[in-house]
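Reproduced below: input_8.cif, with mmCIF, C-alpha atoms.
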```
data_protein
loop_
_atom_site.group_PDB
_atom_site.id
_atom_site.type_symbol
_atom_site.label_atom_id
_atom_site.label_comp_id
_atom_site.auth_asym_id
_atom_site.auth_seq_id
_atom_site.Cartn_x
_atom_site.Cartn_y
_atom_site.Cartn_z
ATOM 1 C CA MET J 113 24.214 3.741 5.750
ATOM 2 C CA GLY J 114 25.536 0.727 7.640
ATOM 3 C CA TYR J 115 22.512 0.169 9.874
ATOM 4 C CA LYS J 116 20.857 -3.215 10.327
ATOM 5 C CA ALA J 117 17.102 -3.431 9.737
ATOM 6 C CA ALA J 118 14.712 -5.262 12.103
ATOM 7 C CA SER J 119 17.192 -5.277 15.001
ATOM 8 C CA LEU J 120 14.966 -3.760 17.740
ATOM 9 C CA THR J 121 11.859 -5.354 19.232
ATOM 10 C CA VAL J 122 8.697 -3.316 19.690
ATOM 11 C CA ASP J 123 9.327 -3.249 23.459
ATOM 12 C CA ASP J 124 12.830 -1.875 22.906
ATOM 13 C CA ILE J 125 11.425 0.888 20.739
ATOM 14 C CA ILE J 126 8.744 1.886 23.246
ATOM 15 C CA LYS J 127 11.200 1.943 26.157
ATOM 16 C CA SER J 128 13.543 4.236 24.228
ATOM 17 C CA ILE J 129 10.911 7.005 23.923
ATOM 18 C CA SER J 130 9.862 8.068 27.425
ATOM 19 C CA GLU J 131 7.363 10.680 26.173
ATOM 20 C CA LEU J 132 5.202 7.976 24.596
ATOM 21 C CA THR J 133 3.974 6.436 27.805
ATOM 22 C CA LYS J 134 3.444 9.889 29.339
ATOM 23 C CA ASP J 135 1.146 11.235 26.618
ATOM 24 C CA VAL J 136 -0.443 8.074 25.163
ATOM 25 C CA ASN J 137 -2.097 5.142 26.912
ATOM 26 C CA ILE J 138 -0.413 2.188 25.213
ATOM 27 C CA VAL J 139 -2.720 -0.748 25.945
ATOM 28 C CA LEU J 140 -0.782 -3.429 24.090
ATOM 29 C CA CYS J 141 2.581 -3.899 22.383
ATOM 30 C CA GLU J 142 2.714 -6.892 20.078
ATOM 31 C CA GLN J 143 5.403 -8.240 17.759
ATOM 32 C CA VAL J 144 3.489 -9.551 14.731
ATOM 33 C CA ALA J 145 6.674 -9.860 12.653
ATOM 34 C CA GLN J 146 10.262 -8.650 12.706
ATOM 35 C CA ILE J 147 11.697 -8.425 9.218
ATOM 36 C CA ASP J 148 13.453 -6.063 6.863
ATOM 37 C CA SER J 149 10.473 -4.646 4.964
ATOM 38 C CA LYS J 150 12.047 -5.512 1.616
ATOM 39 C CA ASP J 151 11.249 -9.100 2.579
ATOM 40 C CA MET J 152 7.513 -8.519 3.139
ATOM 41 C CA THR J 153 5.212 -11.393 2.141
ATOM 42 C CA ASP J 154 1.517 -11.978 1.486
ATOM 43 C CA ASP J 155 1.410 -14.311 4.488
ATOM 44 C CA ILE J 156 2.561 -11.565 6.848
ATOM 45 C CA TRP J 157 0.033 -9.151 5.328
ATOM 46 C CA LEU J 158 -2.801 -11.577 5.950
ATOM 47 C CA ARG J 159 -1.661 -12.316 9.496
ATOM 48 C CA LEU J 160 -1.271 -8.618 10.228
ATOM 49 C CA ALA J 161 -4.655 -7.666 8.760
ATOM 50 C CA LYS J 162 -6.493 -10.346 10.714
ATOM 51 C CA ARG J 163 -4.812 -9.298 13.961
ATOM 52 C CA VAL J 164 -5.526 -5.600 13.356
ATOM 53 C CA ASN J 165 -9.203 -6.367 12.764
ATOM 54 C CA GLU J 166 -9.344 -8.417 15.962
ATOM 55 C CA LEU J 167 -7.776 -5.676 18.064
ATOM 56 C CA LEU J 168 -9.910 -2.874 16.648
ATOM 57 C CA LYS J 169 -13.014 -4.626 17.961
ATOM 58 C CA ARG J 170 -11.869 -3.962 21.525
ATOM 59 C CA ASN J 171 -13.560 -1.057 23.257
ATOM 60 C CA ASN J 172 -10.354 -0.049 25.054
ATOM 61 C CA ILE J 173 -8.434 0.458 21.802
ATOM 62 C CA ASN J 174 -8.907 3.747 19.933
ATOM 63 C CA GLY J 175 -6.336 3.136 17.223
ATOM 64 C CA ILE J 176 -3.327 1.094 16.147
ATOM 65 C CA VAL J 177 0.227 2.082 15.248
ATOM 66 C CA ILE J 178 2.348 -0.241 13.124
ATOM 67 C CA THR J 179 6.111 0.271 12.900
ATOM 68 C CA HIS J 180 7.371 -0.652 9.446
ATOM 69 C CA GLY J 181 10.423 -0.362 7.241
ATOM 70 C CA THR J 182 10.127 2.341 4.605
ATOM 71 C CA ASP J 183 10.905 0.134 1.587
ATOM 72 C CA THR J 184 7.409 -1.377 1.402
ATOM 73 C CA ILE J 185 5.461 0.703 3.922
ATOM 74 C CA GLU J 186 3.246 2.127 1.167
ATOM 75 C CA GLU J 187 2.276 -1.372 0.031
ATOM 76 C CA THR J 188 1.402 -2.673 3.479
ATOM 77 C CA ALA J 189 -0.556 0.504 4.176
ATOM 78 C CA TYR J 190 -2.553 0.191 0.954
ATOM 79 C CA PHE J 191 -3.272 -3.488 1.561
ATOM 80 C CA LEU J 192 -4.555 -2.721 5.052
ATOM 81 C CA SER J 193 -6.625 0.180 3.730
ATOM 82 C CA LEU J 194 -8.525 -2.323 1.585
ATOM 83 C CA VAL J 195 -9.133 -4.991 4.235
ATOM 84 C CA VAL J 196 -9.354 -3.314 7.669
ATOM 85 C CA LYS J 197 -12.994 -3.197 8.805
ATOM 86 C CA SER J 198 -13.140 -0.249 11.186
ATOM 87 C CA LYS J 199 -13.390 3.521 11.341
ATOM 88 C CA LYS J 200 -10.682 3.549 14.003
ATOM 89 C CA PRO J 201 -7.345 4.879 12.735
ATOM 90 C CA VAL J 202 -4.488 2.613 11.737
ATOM 91 C CA VAL J 203 -1.214 4.487 11.353
ATOM 92 C CA LEU J 204 1.946 3.060 9.789
ATOM 93 C CA VAL J 205 5.199 4.719 10.730
ATOM 94 C CA GLY J 206 8.825 4.318 9.724
ATOM 95 C CA ALA J 207 12.160 6.070 9.874
ATOM 96 C CA MET J 208 14.689 7.059 7.249
ATOM 97 C CA ARG J 209 17.575 7.273 9.727
ATOM 98 C CA PRO J 210 18.718 4.587 12.175
ATOM 99 C CA SER J 211 18.571 5.098 15.925
ATOM 100 C CA THR J 212 22.355 5.553 15.962
ATOM 101 C CA ALA J 213 22.224 8.607 13.671
ATOM 102 C CA ILE J 214 22.984 12.104 15.009
ATOM 103 C CA SER J 215 19.449 13.223 14.161
ATOM 104 C CA ALA J 216 17.412 10.007 14.184
ATOM 105 C CA ASP J 217 13.853 10.604 12.967
ATOM 106 C CA GLY J 218 12.320 7.398 14.298
ATOM 107 C CA PRO J 219 11.405 8.551 17.840
ATOM 108 C CA LYS J 220 9.600 11.701 16.677
ATOM 109 C CA ASN J 221 7.832 9.840 13.868
ATOM 110 C CA LEU J 222 6.611 7.170 16.278
ATOM 111 C CA TYR J 223 5.462 9.748 18.802
ATOM 112 C CA ASP J 224 3.501 11.569 16.094
ATOM 113 C CA ALA J 225 1.950 8.306 14.877
ATOM 114 C CA CYS J 226 0.709 7.518 18.388
ATOM 115 C CA ILE J 227 -0.782 11.001 18.731
ATOM 116 C CA ILE J 228 -2.562 10.566 15.387
ATOM 117 C CA ALA J 229 -3.863 7.093 16.246
ATOM 118 C CA GLY J 230 -5.274 8.346 19.548
ATOM 119 C CA SER J 231 -7.010 11.388 18.104
ATOM 120 C CA GLU J 232 -10.732 11.538 17.326
ATOM 121 C CA LYS J 233 -9.798 13.695 14.329
ATOM 122 C CA SER J 234 -8.299 10.623 12.668
ATOM 123 C CA GLU J 235 -11.406 8.451 12.806
ATOM 124 C CA GLY J 236 -12.945 7.463 9.483
ATOM 125 C CA ARG J 237 -9.936 8.601 7.429
ATOM 126 C CA GLY J 238 -8.698 5.140 6.552
ATOM 127 C CA VAL J 239 -5.170 3.834 6.960
ATOM 128 C CA LEU J 240 -2.579 6.564 7.367
ATOM 129 C CA VAL J 241 1.199 6.826 7.020
ATOM 130 C CA CYS J 242 3.186 9.259 9.142
ATOM 131 C CA LEU J 243 6.767 10.445 8.623
ATOM 132 C CA ASN J 244 8.502 13.804 8.902
ATOM 133 C CA ASP J 245 5.539 15.559 10.636
ATOM 134 C CA THR J 246 3.359 14.732 7.627
ATOM 135 C CA ILE J 247 0.197 12.610 7.384
ATOM 136 C CA TYR J 248 -0.390 10.696 4.166
ATOM 137 C CA SER J 249 -3.234 8.510 2.912
ATOM 138 C CA ALA J 250 -2.272 4.921 2.187
ATOM 139 C CA ARG J 251 -3.857 5.280 -1.253
ATOM 140 C CA PHE J 252 -1.567 8.023 -2.553
ATOM 141 C CA VAL J 253 1.646 7.895 -0.521
ATOM 142 C CA THR J 254 4.823 6.637 -2.165
ATOM 143 C CA LYS J 255 8.526 6.650 -1.432
ATOM 144 C CA LEU J 256 10.328 9.148 -3.659
ATOM 145 C CA ASN J 257 13.873 9.307 -2.285
ATOM 146 C CA THR J 258 16.354 6.679 -1.168
ATOM 147 C CA ILE J 259 17.982 8.485 1.784
ATOM 148 C CA LEU J 260 16.417 11.832 2.745
ATOM 149 C CA PRO J 261 14.137 12.162 5.807
ATOM 150 C CA ASN J 262 11.450 13.770 3.601
ATOM 151 C CA ALA J 263 11.509 10.718 1.333
ATOM 152 C CA PHE J 264 7.740 10.355 1.014
ATOM 153 C CA GLY J 265 5.157 12.256 -0.958
ATOM 154 C CA SER J 266 1.791 12.040 -2.703
ATOM 155 C CA LEU J 267 2.746 13.995 -5.823
ATOM 156 C CA ASP J 268 -0.432 14.805 -7.771
ATOM 157 C CA PHE J 269 -2.852 14.476 -4.862
ATOM 158 C CA GLY J 270 -1.190 16.095 -1.870
ATOM 159 C CA VAL J 271 -0.953 15.161 1.778
ATOM 160 C CA LEU J 272 -3.823 14.731 4.229
ATOM 161 C CA GLY J 273 -2.333 16.900 6.946
ATOM 162 C CA TYR J 274 0.455 17.622 9.400
ATOM 163 C CA VAL J 275 1.369 17.122 13.031
ATOM 164 C CA VAL J 276 1.970 20.494 14.682
ATOM 165 C CA GLU J 277 2.652 21.013 18.392
ATOM 166 C CA ASN J 278 1.721 17.393 19.105
ATOM 167 C CA GLU J 279 -1.669 17.722 17.416
ATOM 168 C CA PRO J 280 -2.831 16.317 14.047
ATOM 169 C CA TYR J 281 -4.322 18.803 11.587
ATOM 170 C CA PHE J 282 -6.188 17.490 8.548
ATOM 171 C CA TYR J 283 -6.771 19.566 5.426
ATOM 172 C CA ASN J 284 -7.832 17.023 2.807
ATOM 173 C CA ALA J 285 -10.062 13.960 2.607
ATOM 174 C CA LEU J 286 -9.815 10.815 0.484
ATOM 175 C CA ASP J 287 -12.514 10.392 -2.167
ATOM 176 C CA LYS J 288 -11.932 6.659 -2.642
ATOM 177 C CA LYS J 289 -13.313 3.585 -0.926
ATOM 178 C CA TYR J 290 -11.271 2.246 2.004
ATOM 179 C CA THR J 291 -11.454 0.314 5.312
ATOM 180 C CA PHE J 292 -15.064 0.390 6.573
ATOM 181 C CA LYS J 293 -16.275 1.284 3.055
ATOM 182 C CA SER J 294 -14.349 -1.551 1.382
ATOM 183 C CA GLU J 295 -15.939 -4.733 0.029
ATOM 184 C CA PHE J 296 -12.821 -6.861 0.518
ATOM 185 C CA ASP J 297 -12.601 -9.343 3.373
ATOM 186 C CA VAL J 298 -9.631 -11.513 4.354
ATOM 187 C CA ARG J 299 -11.130 -13.328 7.340
ATOM 188 C CA ASP J 300 -11.323 -16.643 5.468
ATOM 189 C CA LEU J 301 -8.320 -16.100 3.203
ATOM 190 C CA ASN J 302 -5.168 -18.158 3.754
ATOM 191 C CA ALA J 303 -3.406 -16.986 0.596
ATOM 192 C CA LEU J 304 -3.667 -14.283 -2.051
ATOM 193 C CA PRO J 305 -3.801 -14.926 -5.817
ATOM 194 C CA LYS J 306 -0.361 -14.703 -7.386
ATOM 195 C CA VAL J 307 0.233 -11.486 -9.343
ATOM 196 C CA ASP J 308 3.571 -10.240 -10.692
ATOM 197 C CA ILE J 309 4.912 -7.047 -12.265
ATOM 198 C CA VAL J 310 6.649 -6.634 -15.636
ATOM 199 C CA TYR J 311 8.691 -3.478 -16.309
ATOM 200 C CA SER J 312 9.044 -1.817 -19.732
ATOM 201 C CA TYR J 313 12.027 0.072 -21.120
ATOM 202 C CA ALA J 314 13.714 0.868 -24.441
ATOM 203 C CA GLY J 315 14.985 -2.307 -26.040
ATOM 204 C CA THR J 316 12.834 -4.336 -23.670
ATOM 205 C CA ASN J 317 12.986 -8.093 -23.403
ATOM 206 C CA SER J 318 10.021 -8.178 -21.032
ATOM 207 C CA HIS J 319 8.025 -10.590 -23.186
ATOM 208 C CA VAL J 320 10.380 -13.250 -21.788
ATOM 209 C CA ALA J 321 9.313 -12.279 -18.265
ATOM 210 C CA VAL J 322 5.642 -12.413 -19.256
ATOM 211 C CA GLU J 323 6.042 -15.914 -20.630
ATOM 212 C CA ALA J 324 7.974 -17.030 -17.545
ATOM 213 C CA PHE J 325 5.364 -15.634 -15.166
ATOM 214 C CA CYS J 326 2.589 -17.385 -17.071
ATOM 215 C CA LYS J 327 4.454 -20.690 -16.878
ATOM 216 C CA SER J 328 4.832 -20.189 -13.118
ATOM 217 C CA GLY J 329 1.045 -20.050 -12.737
ATOM 218 C CA VAL J 330 0.318 -16.366 -12.093
ATOM 219 C CA LYS J 331 -3.291 -15.231 -12.121
ATOM 220 C CA GLY J 332 -2.473 -11.669 -13.130
ATOM 221 C CA ILE J 333 0.320 -9.424 -14.430
ATOM 222 C CA ILE J 334 0.837 -5.701 -13.899
ATOM 223 C CA HIS J 335 2.629 -4.074 -16.821
ATOM 224 C CA ALA J 336 4.618 -1.012 -15.729
ATOM 225 C CA GLY J 337 4.648 0.679 -19.104
ATOM 226 C CA THR J 338 6.225 3.776 -20.551
ATOM 227 C CA GLY J 339 4.302 7.055 -20.664
ATOM 228 C CA ASN J 340 0.555 6.557 -20.375
ATOM 229 C CA GLY J 341 0.950 2.818 -19.855
ATOM 230 C CA SER J 342 2.315 2.195 -23.356
ATOM 231 C CA ILE J 343 3.341 -1.361 -24.246
ATOM 232 C CA HIS J 344 6.184 -2.444 -26.544
ATOM 233 C CA LYS J 345 4.929 -4.346 -29.587
ATOM 234 C CA GLU J 346 6.751 -7.565 -28.656
ATOM 235 C CA THR J 347 5.490 -7.433 -25.083
ATOM 236 C CA LEU J 348 1.988 -6.714 -26.367
ATOM 237 C CA GLU J 349 1.881 -10.022 -28.191
ATOM 238 C CA ALA J 350 3.046 -11.893 -25.092
ATOM 239 C CA LEU J 351 0.466 -10.145 -22.906
ATOM 240 C CA ASN J 352 -2.292 -10.922 -25.381
ATOM 241 C CA ASN J 353 -1.290 -14.579 -25.307
ATOM 242 C CA ALA J 354 -1.386 -14.419 -21.511
ATOM 243 C CA ILE J 355 -4.968 -13.130 -21.624
ATOM 244 C CA LYS J 356 -5.942 -15.999 -23.917
ATOM 245 C CA SER J 357 -4.549 -18.417 -21.309
ATOM 246 C CA GLY J 358 -6.699 -16.858 -18.568
ATOM 247 C CA VAL J 359 -4.260 -14.355 -17.039
ATOM 248 C CA ILE J 360 -5.610 -10.847 -16.405
ATOM 249 C CA ILE J 361 -3.426 -7.871 -17.363
ATOM 250 C CA VAL J 362 -3.381 -4.419 -15.760
ATOM 251 C CA ARG J 363 -1.757 -1.568 -17.648
ATOM 252 C CA ALA J 364 0.125 0.761 -15.269
ATOM 253 C CA THR J 365 3.018 3.188 -15.760
ATOM 254 C CA ARG J 366 6.598 3.321 -14.544
ATOM 255 C CA LEU J 367 6.238 7.103 -14.126
ATOM 256 C CA PRO J 368 5.883 8.526 -10.587
ATOM 257 C CA GLY J 369 2.825 10.640 -11.377
ATOM 258 C CA GLY J 370 -0.206 10.933 -13.592
ATOM 259 C CA ILE J 371 -3.134 8.701 -14.489
ATOM 260 C CA VAL J 372 -3.185 5.757 -16.888
ATOM 261 C CA SER J 373 -6.317 6.609 -18.803
ATOM 262 C CA LYS J 374 -8.521 4.075 -20.527
ATOM 263 C CA ASP J 375 -7.388 3.466 -24.121
ATOM 264 C CA GLU J 376 -9.717 1.703 -26.553
ATOM 265 C CA ASN J 377 -6.735 0.111 -28.300
ATOM 266 C CA TYR J 378 -5.728 -1.641 -25.087
ATOM 267 C CA GLU J 379 -8.850 -1.901 -22.943
ATOM 268 C CA GLY J 380 -11.098 -2.470 -25.954
ATOM 269 C CA SER J 381 -9.124 -4.650 -28.336
ATOM 270 C CA TYR J 382 -7.077 -6.566 -25.783
ATOM 271 C CA LYS J 383 -9.303 -6.429 -22.675
ATOM 272 C CA PHE J 384 -6.604 -4.949 -20.445
ATOM 273 C CA ILE J 385 -7.377 -3.071 -17.216
ATOM 274 C CA ALA J 386 -6.261 0.560 -16.842
ATOM 275 C CA SER J 387 -4.664 1.208 -13.435
ATOM 276 C CA ASP J 388 -5.979 4.775 -13.126
ATOM 277 C CA SER J 389 -3.660 6.542 -10.611
ATOM 278 C CA LEU J 390 -2.330 3.423 -8.855
ATOM 279 C CA ASN J 391 1.375 2.777 -9.215
ATOM 280 C CA PRO J 392 2.407 -0.760 -10.251
ATOM 281 C CA GLN J 393 3.049 -2.051 -6.735
ATOM 282 C CA LYS J 394 -0.343 -0.893 -5.463
ATOM 283 C CA ALA J 395 -2.116 -2.033 -8.635
ATOM 284 C CA LYS J 396 -0.720 -5.493 -7.861
ATOM 285 C CA ILE J 397 -2.356 -5.465 -4.427
ATOM 286 C CA LEU J 398 -5.741 -4.334 -5.711
ATOM 287 C CA LEU J 399 -5.680 -6.969 -8.457
ATOM 288 C CA GLN J 400 -4.811 -9.686 -5.940
ATOM 289 C CA LEU J 401 -7.843 -8.768 -3.856
ATOM 290 C CA ALA J 402 -10.026 -8.257 -6.924
ATOM 291 C CA LEU J 403 -9.316 -11.843 -7.969
ATOM 292 C CA THR J 404 -10.679 -13.088 -4.640
ATOM 293 C CA LYS J 405 -14.083 -11.708 -5.693
ATOM 294 C CA TYR J 406 -14.205 -11.763 -9.490
ATOM 295 C CA SER J 407 -13.153 -14.036 -12.318
ATOM 296 C CA ALA J 408 -10.290 -12.874 -14.537
ATOM 297 C CA LYS J 409 -12.826 -12.821 -17.379
ATOM 298 C CA ASP J 410 -14.937 -10.187 -15.614
ATOM 299 C CA THR J 411 -12.782 -7.288 -16.751
ATOM 300 C CA LYS J 412 -15.656 -4.806 -16.494
ATOM 301 C CA SER J 413 -16.134 -5.372 -12.751
ATOM 302 C CA ILE J 414 -12.401 -5.356 -12.073
ATOM 303 C CA GLN J 415 -11.932 -2.138 -14.056
ATOM 304 C CA GLU J 416 -14.583 -0.483 -11.888
ATOM 305 C CA LEU J 417 -12.620 -1.502 -8.795
ATOM 306 C CA PHE J 418 -9.617 0.412 -10.074
ATOM 307 C CA TYR J 419 -11.754 3.545 -10.333
ATOM 308 C CA ARG J 420 -13.375 3.080 -6.892
ATOM 309 C CA TYR J 421 -10.272 2.181 -4.893
#
```

Before anything else, please render the file you have as structure tokens.
Amino acid sequence: MGYKAASLTVDDIIKSISELTKDVNIVLCEQVAQIDSKDMTDDIWLRLAKRVNELLKRNNINGIVITHGTDTIEETAYFLSLVVKSKKPVVLVGAMRPSTAISADGPKNLYDACIIAGSEKSEGRGVLVCLNDTIYSARFVTKLNTILPNAFGSLDFGVLGYVVENEPYFYNALDKKYTFKSEFDVRDLNALPKVDIVYSYAGTNSHVAVEAFCKSGVKGIIHAGTGNGSIHKETLEALNNAIKSGVIIVRATRLPGGIVSKDENYEGSYKFIASDSLNPQKAKILLQLALTKYSAKDTKSIQELFYRY
């Protein structure tokens, strides 16, 4: 538990796994950032996305692997799935155990990710996440455990496939828009609209957070509600006031599974957006990109995005 994040460069990692250069033609190793993933920023996302899109245009590159800390790997993966403009595979990979552990999982995970990225089977499947011999879609993957090597899952929607005997096997496909099917484009973006998340709980005081976020100039707020996106009566008033001031509100849930279904009381009376099956942290990303295309008043168009993506 005493490991230090972001302590190895990409070259150090590659050199430590001799099998990689034997079985995969690594054309380029590039250090886009070196941070603890808990400290991820919009600026790094934009820089990373633009660089990925540049590299995928090269004929000598079949796919890209991105090493990433597990804390926010699902968020980076989902962001890239919305803005990468290629059918070529992009695979994010992490490790739950440090390289000093008795049974470190990083080397095998990275090897698998490279095999996936270099396989024709992976083309057109969007951005993928690989850990523990398992292939996940960026859309549905989430971290479910703080310490175990099988920390990731897709709960209601299952995994895309597995890596067996150094070969990717796919069993499911994603019926959502992503990468080459996506309408989002970050080529001319230097910043993303500011969106924050408010969490609900018994005895909540989250209306204070809503008011503070609005004063800070946010363009949107994700409400991580109880149950099917339920909102405490005091928070409801604050969120309604936020809408009147031009802030768009998305109703998500703090639960790990299920769908926040459209509710006429919320989406009709208050003009909220239902998050569908996106968790709060991914709903935040989609809303940020939605606000680069649509006005906060165009709730109908933004709601449709949450069903399509």

- Query: If the PyMOL selection byres ((chain J and resi 175-179) around 8) is run on the structure shown, which residues does it catch, given as a PyMOL selection string?
  - Reply: chain J and resi 164+168+173-174+180-181+200-206+222+225-226+229-230

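For the atom pair formed by CA of Thr365 (chain J) and CA of Gly329 (chain J), the distance is 23.5 Å, given to one decimal.
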
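Comparing the minimum interatomic distances between Ser193 (chain J) and each of J:Phe269, J:Trp157, J:Tyr223, J:Phe282, counting all atoms listed in the file, we find that J:Trp157 sits nearest.
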
- Task: Compare J:Val136, J:Leu256, J:Leu401, J:Val195 by their minimum atom-to-atom distance to Tyr290 (chain J), counting all atoms listed in the file, and give me the closest one.
- Result: J:Val195

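You can rank J:Lys220, J:Ala285, J:Pro210, J:Ile156 by their closest distance to Ser130 (chain J) using all atoms listed in the file, and at the top of that list sits J:Lys220.
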
- Message: Show me, as a ChimeraX atom specification, the residues that have an atom within 12 Å of region 137-153 of chain J when counting only C-alpha atoms, minus same-chain residues fewer than 6 positions from it.
- Response: /J:115-127,131,159-164,167-168,170-188,191,206-207,223,226-227,229-231,303-304,306,397

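Our summary of the geometry notes that CA of Glu349 (chain J) is positioned 21.3 Å from CA of Gln415 (chain J).
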
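Evaluated on this file, the PyMOL selection byres ((chain J and resi 369) around 8) matches Leu267, Asp268, Leu367, Pro368, Gly370, Ile371 and Ser389 of chain J.
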